[in-house]
Every structure is written in C-alpha cells, then in structure tokens.
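Pasted below: target11.txt, compact mmCIF, C-alpha atoms.
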```txt
# COMPACT_ATOMS: atom_id res chain seq x y z
CA MET A 1 -107.69 64.17 -68.34
CA GLY A 2 -106.13 67.09 -66.52
CA HIS A 3 -104.30 65.13 -63.78
CA PRO A 4 -103.33 61.64 -65.04
CA LEU A 5 -101.09 60.93 -62.02
CA TRP A 6 -103.79 61.80 -59.47
CA PRO A 7 -107.17 61.74 -61.22
CA LEU A 8 -108.99 62.68 -58.01
CA PHE A 9 -108.07 66.28 -58.81
CA ASP A 10 -110.47 66.02 -61.78
CA LEU A 11 -113.37 64.73 -59.66
CA SER A 12 -116.09 67.29 -59.01
CA LEU A 13 -119.54 67.34 -57.45
CA ARG A 14 -122.04 70.11 -58.18
CA ILE A 15 -125.17 70.87 -56.18
CA ASP A 16 -127.14 74.11 -56.32
CA ASP A 17 -124.45 76.85 -56.38
CA LEU A 18 -121.77 74.66 -54.75
CA GLU A 19 -118.84 72.88 -56.34
CA LEU A 20 -116.85 70.27 -54.41
CA ARG A 21 -113.36 69.19 -55.53
CA PRO A 22 -110.43 67.46 -53.81
CA PRO A 23 -108.07 70.39 -53.11
CA THR A 24 -104.84 70.95 -54.98
CA ASP A 25 -101.96 72.62 -53.11
CA ASP A 26 -103.12 75.98 -54.45
CA ASP A 27 -106.60 75.27 -53.08
CA LEU A 28 -105.08 74.43 -49.69
CA VAL A 29 -103.73 77.97 -49.49
CA GLU A 30 -107.29 79.28 -49.88
CA LEU A 31 -108.69 76.76 -47.41
CA LEU A 32 -106.03 77.64 -44.86
CA ALA A 33 -107.05 81.29 -45.05
CA VAL A 34 -110.68 80.33 -44.41
CA ALA A 35 -109.72 78.14 -41.44
CA LYS A 36 -107.45 80.81 -39.93
CA ALA A 37 -110.28 83.36 -40.12
CA GLY A 38 -112.25 81.15 -37.73
CA VAL A 39 -114.25 77.93 -37.77
CA HIS A 40 -115.86 78.07 -34.33
CA PRO A 41 -115.89 80.27 -31.23
CA PRO A 42 -112.62 79.71 -29.30
CA GLU A 43 -114.42 78.52 -26.16
CA LEU A 44 -116.12 75.69 -28.11
CA MET A 45 -114.62 72.60 -29.74
CA PRO A 46 -116.91 70.81 -32.22
CA PHE A 47 -114.26 68.31 -33.39
CA ALA A 48 -113.12 65.04 -31.79
CA VAL A 49 -109.58 65.98 -32.87
CA PRO A 50 -108.88 69.60 -31.81
CA TRP A 51 -107.09 70.53 -35.03
CA THR A 52 -107.94 74.23 -34.72
CA ASP A 53 -106.12 74.64 -31.36
CA PRO A 54 -102.38 74.65 -32.21
CA PRO A 55 -100.66 78.05 -32.40
CA SER A 56 -98.95 79.36 -35.52
CA PRO A 57 -96.89 78.02 -37.28
CA GLN A 58 -97.80 74.54 -35.99
CA PHE A 59 -101.39 75.12 -37.07
CA GLU A 60 -100.47 75.94 -40.67
CA ARG A 61 -98.02 73.04 -40.96
CA GLY A 62 -100.40 70.55 -39.40
CA PHE A 63 -103.20 71.74 -41.65
CA VAL A 64 -101.40 71.07 -44.92
CA GLN A 65 -99.76 67.89 -43.60
CA TYR A 66 -103.18 66.42 -42.86
CA TYR A 67 -104.46 66.98 -46.40
CA TRP A 68 -101.22 65.68 -47.88
CA SER A 69 -101.59 62.58 -45.68
CA THR A 70 -104.99 61.79 -47.21
CA ARG A 71 -103.27 61.49 -50.57
CA ALA A 72 -100.18 59.61 -49.36
CA GLY A 73 -102.19 57.14 -47.29
CA TRP A 74 -104.80 56.37 -49.94
CA SER A 75 -105.64 52.74 -50.72
CA VAL A 76 -108.72 50.97 -52.04
CA ASP A 77 -109.18 49.44 -48.58
CA ASP A 78 -108.76 52.70 -46.64
CA TRP A 79 -109.58 55.97 -48.39
CA ASN A 80 -110.52 59.47 -47.38
CA VAL A 81 -111.42 62.19 -49.86
CA GLU A 82 -111.66 65.71 -48.45
CA PHE A 83 -113.56 67.93 -50.88
CA GLY A 84 -112.83 71.63 -50.87
CA VAL A 85 -116.20 73.39 -51.08
CA ARG A 86 -116.78 76.51 -53.14
CA ARG A 87 -120.01 78.48 -53.09
CA GLN A 88 -120.40 80.85 -56.04
CA GLY A 89 -116.67 80.42 -56.61
CA GLN A 90 -115.66 81.33 -53.04
CA MET A 91 -113.87 78.68 -50.97
CA VAL A 92 -115.92 78.16 -47.80
CA GLY A 93 -114.82 74.88 -46.17
CA VAL A 94 -114.33 71.13 -46.50
CA GLN A 95 -116.63 68.13 -46.78
CA GLY A 96 -114.96 64.78 -46.20
CA ILE A 97 -116.09 61.23 -46.91
CA ALA A 98 -114.09 58.15 -45.93
CA ALA A 99 -114.34 54.36 -45.87
CA LYS A 100 -112.46 51.24 -44.88
CA ASN A 101 -112.97 47.94 -46.70
CA PHE A 102 -115.62 49.68 -48.79
CA ALA A 103 -115.86 46.93 -51.41
CA THR A 104 -117.22 44.60 -48.72
CA LEU A 105 -118.83 46.83 -46.08
CA ARG A 106 -120.32 49.48 -48.42
CA THR A 107 -120.23 51.95 -45.53
CA VAL A 108 -118.94 55.53 -45.53
CA GLY A 109 -118.45 58.14 -42.83
CA THR A 110 -118.59 61.90 -43.29
CA GLY A 111 -117.15 64.94 -41.56
CA SER A 112 -116.94 68.61 -42.44
CA TRP A 113 -116.09 72.15 -41.44
CA LEU A 114 -117.16 75.59 -42.63
CA GLY A 115 -115.67 79.00 -42.06
CA GLN A 116 -117.74 80.92 -39.52
CA ALA A 117 -118.61 83.56 -42.10
CA TYR A 118 -120.36 80.89 -44.20
CA GLN A 119 -122.30 79.03 -41.53
CA ARG A 120 -126.09 78.96 -41.04
CA GLN A 121 -126.76 79.58 -44.74
CA GLY A 122 -127.75 76.04 -45.75
CA THR A 123 -124.28 75.22 -47.09
CA GLY A 124 -123.61 72.41 -44.61
CA ARG A 125 -126.75 70.56 -45.64
CA LEU A 126 -126.04 70.90 -49.36
CA MET A 127 -122.45 69.74 -49.17
CA ARG A 128 -123.42 66.72 -47.06
CA GLN A 129 -126.14 65.85 -49.58
CA ALA A 130 -123.57 66.13 -52.37
CA VAL A 131 -121.22 63.51 -50.90
CA LEU A 132 -124.12 61.26 -49.92
CA ALA A 133 -125.38 61.30 -53.50
CA PHE A 134 -121.83 60.53 -54.62
CA ALA A 135 -121.64 57.58 -52.20
CA PHE A 136 -125.12 56.09 -52.61
CA ASP A 137 -125.83 56.84 -56.25
CA HIS A 138 -122.37 56.48 -57.80
CA LEU A 139 -120.19 54.31 -55.54
CA GLY A 140 -122.87 51.86 -54.45
CA ALA A 141 -122.79 52.63 -50.71
CA GLU A 142 -125.42 51.01 -48.51
CA VAL A 143 -124.82 52.85 -45.21
CA ALA A 144 -123.51 56.29 -44.22
CA THR A 145 -122.57 57.36 -40.71
CA SER A 146 -121.98 60.70 -39.05
CA ALA A 147 -121.55 62.09 -35.55
CA ALA A 148 -121.81 65.35 -33.62
CA PHE A 149 -121.19 66.43 -30.05
CA VAL A 150 -124.45 66.83 -28.17
CA ASP A 151 -124.06 70.61 -28.10
CA ASN A 152 -123.46 70.83 -31.86
CA THR A 153 -127.10 71.30 -32.77
CA ALA A 154 -126.40 72.64 -36.27
CA SER A 155 -124.67 69.42 -37.35
CA SER A 156 -127.32 67.25 -35.70
CA ARG A 157 -130.09 69.15 -37.46
CA VAL A 158 -128.43 68.55 -40.83
CA SER A 159 -128.31 64.80 -40.11
CA GLU A 160 -131.92 64.70 -38.97
CA TYR A 161 -133.14 66.74 -41.95
CA ILE A 162 -131.44 64.40 -44.42
CA GLY A 163 -132.93 61.33 -42.75
CA TYR A 164 -130.23 59.85 -40.52
CA GLU A 165 -131.42 57.76 -37.56
CA PRO A 166 -129.89 57.91 -34.05
CA ASN A 167 -127.23 55.23 -33.63
CA GLY A 168 -125.92 55.50 -30.08
CA ILE A 169 -123.51 57.65 -28.07
CA ASP A 170 -119.70 57.95 -28.11
CA ARG A 171 -117.39 59.79 -25.71
CA PHE A 172 -114.39 61.88 -26.70
CA ALA A 173 -112.14 64.31 -24.88
CA PRO A 174 -110.71 66.70 -27.48
CA ARG A 175 -109.49 69.13 -24.81
CA GLY A 176 -108.94 66.65 -22.01
CA GLU A 177 -112.53 66.64 -20.71
CA ALA A 178 -114.94 63.82 -21.61
CA ARG A 179 -117.91 64.86 -23.73
CA GLU A 180 -120.71 62.86 -25.32
CA MET A 181 -121.25 62.63 -29.05
CA HIS A 182 -124.38 61.50 -30.89
CA ARG A 183 -123.86 58.90 -33.63
CA TYR A 184 -126.11 58.84 -36.70
CA ARG A 185 -126.76 56.24 -39.41
CA LEU A 186 -128.41 56.54 -42.82
CA THR A 187 -129.24 53.55 -45.04
CA LEU A 188 -129.67 53.47 -48.79
CA ASP A 189 -133.42 52.99 -48.33
CA GLY A 190 -133.55 55.97 -45.99
CA TRP A 191 -131.66 58.08 -48.49
CA ARG A 192 -134.03 57.20 -51.31
CA THR A 193 -137.18 57.99 -49.34
CA ARG A 194 -136.31 61.68 -48.88
CA PRO A 195 -136.49 64.42 -51.56
CA ARG A 196 -133.03 65.73 -52.39
CA PRO A 197 -131.41 68.15 -54.83
CA GLU A 198 -129.85 66.93 -58.05
CA VAL A 199 -126.10 66.36 -57.81
CA GLY A 200 -123.84 66.39 -60.87
CA VAL A 201 -120.72 64.21 -60.76
CA GLU A 202 -117.84 64.64 -63.20
CA GLY A 203 -114.47 62.95 -63.51
CA LEU A 204 -115.37 59.78 -61.61
CA GLU A 205 -114.67 57.22 -64.31
CA ALA A 206 -110.92 57.86 -64.28
CA CYS A 207 -110.61 57.33 -60.53
CA LEU A 208 -113.43 54.85 -59.82
CA ASP A 209 -110.97 51.99 -59.24
CA MET A 210 -109.32 54.04 -56.47
CA PHE A 211 -112.49 53.61 -54.42
CA GLY A 212 -112.51 49.83 -54.87
CA VAL A 213 -115.57 49.99 -57.10
CA ALA A 214 -116.16 48.29 -60.45
CA ALA A 215 -116.96 50.59 -63.38
CA SER A 216 -120.53 49.27 -63.58
CA ALA A 217 -121.33 50.78 -60.16
CA ASP A 218 -121.22 54.35 -61.53
CA LYS A 219 -124.82 54.86 -62.58
```
Same coordinates, now as structure tokens:
Amino acid sequence: MGHPLWPLFDLSLRIDDLELRPPTDDDLVELLAVAKAGVHPPELMPFAVPWTDPPSPQFERGFVQYYWSTRAGWSVDDWNVEFGVRRQGQMVGVQGIAAKNFATLRTVGTGSWLGQAYQRQGTGRLMRQAVLAFAFDHLGAEVATSAAFVDNTASSRVSEYIGYEPNGIDRFAPRGEAREMHRYRLTLDGWRTRPRPEVGVEGLEACLDMFGVAASADK
C-alpha cells in the first residue's frame, strides 16, 4: 500500500484513456492551473456555488481549502471523494461523488468540472460513467442523482445519454439571481439497461470501510 494513512490516495478508476484518482497536494497544484486557465465563460455560472468567482489570491486559497476539507470532514456517514481526472496523462478536471448515510440510503450524488480546453470531447460522459460504475458495481449503490442549470445543455445531455430520468426542478442563486436547475435520477436497474464502457477499479479494498460498505460488496 502506498498511502497507509489515507488509502484513498491509492484508489484509481480507469475508463478508456482516462484515469481518476483522489488528488494529492501535488495534484492540486496541477488542478489549480487547469481551473485558473478557465472552466466556463465569465458571463456564465454553471455551478450552484460560484467557486470560480473570487479574485486572486482568495480563489487559490479557497480552491485548496475545499479539497482539504473533503479529507478532514470525511466520515462513513458523510463522504465526498473528488477524483482528479487525467486524460492521456494530462490533468483535465474533477469528477466528484458524495453520499450521506450511504449504508442505509444507497444513494450518491455527482458533480464535476472540466477545463474549457478539454470540454466537448466526450470526457465529461466518460468520467461520469467511471464514478457511476464505481458506485453501482463496487459500492452497492441503488440510486444516483445529478443536477444542471437549465442552460447547461452539455451536462444535461450527459445525464440523458447515460439514462438518468428527470426528477424535478430546484432553484439556486449563485450570483444573487434566482435560476432554475433540472434534477436527474438514475436507478441501478436503469444503469444496467444501458451499454457502458468497462471501468477498472484498483485500490478499493484498503479503503472500502471508509465508504461504510462491507468487503463483500466489492464485486
């Protein structure tokens, strides 16, 4: 084991030419550079929390503090793993998956971002499929949820392609103005009815208990 004190650093998902790993501090430096190069046009805000808006150096400090907080706040009843995504070795963005009371509810939520230079190349779909395979096929999830503002057609298309069903409307005001957000829901049965790429998972056994899952659930 490479990281006995925090075995999540040894967890990896592989799909097509992507590798997803929880970022180390060195990886955060790479991710920060991708985020600073641009995630979305400045006039748009695709996130419920406008984390890309603060000026420097608040942006840089807030960025690393958030990823540190996902480690410090981890518990089996409330966890959030943010995978740094590499395509052909190049860091391109983040794919997150989180859950509360997972052992009972068996429900996960996902969120992600990609550097603008790496968007509209099929990467968003692949990295979402990677964490869904991780959740459904290895953790024993039964439901996955996602959401996208109504004008974020790229994210909505990913959800629809994978097989999510519409699940209502939320309202958020990331920049002080109310906007509507589509909610989506995918069940285990829905996941299994769609063709999907093969996903390789390594390093899960050492950290399986951190997700509140018995060892027998990793199939």
Counting all atoms listed in the file, what is within 10 Å of Cys207 in chain A, bar same-chain residues fewer than 6 positions away, as JSON, numbers by chain?
-> {"A": [4, 6, 7, 8, 9, 10, 11, 213, 215]}
Can those selected residues be exported to a file as a compact mmCIF listing (two decimals), in the frame of the given file so that it contains C-alpha atoms?
```txt
# COMPACT_ATOMS: atom_id res chain seq x y z
CA PRO A 4 -103.33 61.64 -65.04
CA TRP A 6 -103.79 61.80 -59.47
CA PRO A 7 -107.17 61.74 -61.22
CA LEU A 8 -108.99 62.68 -58.01
CA PHE A 9 -108.07 66.28 -58.81
CA ASP A 10 -110.47 66.02 -61.78
CA LEU A 11 -113.37 64.73 -59.66
CA VAL A 213 -115.57 49.99 -57.10
CA ALA A 215 -116.96 50.59 -63.38
```
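Put simply, CA of Pro174 in chain A is 5.2 Å away from CA of Ala48 in chain A.
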CA of Phe63 in chain A to CA of Leu28 in chain A measures 8.7 Å
Between CA of Asp78 in chain A and CA of Ala206 in chain A, distance in Å (one decimal) =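 Rounded to one decimal, the two atoms are 18.5 Å apart.
The shell of residues at most 7 Å from Arg183 in chain A, with only C-alpha atoms counted and near chain neighbours (fewer than 5 positions) removed, consists of Ser146, Ala147, Ala148, Pro166, Asn167, Gly168, Ile169 and Asp170 of chain A.
Closest to Lys100 in chain A among A:Ala141, A:Ala37, A:Leu31, A:Ala133 is A:Ala141, based on only C-alpha atoms.
When all atoms listed in the file are used to compute distances to Arg21 in chain A, the closest of the residues A:Trp113, A:Phe211, A:Tyr118, A:Phe83 turns out to be A:Phe83.
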Do you know which residues lie at most 9 Å from (-120.6, 61.1, -42.5), with coordinates as in the file and all atoms listed in the file counted, and could you write them as a PyMOL selection string?
-> chain A and resi 96-98+108-112+128+131-132+144-147+159+184-185
Given only C-alpha atoms as the counted atoms, nearest of A:Ala135, A:Asp209, A:Asn152, A:Thr187 to Val76 in chain A = A:Asp209
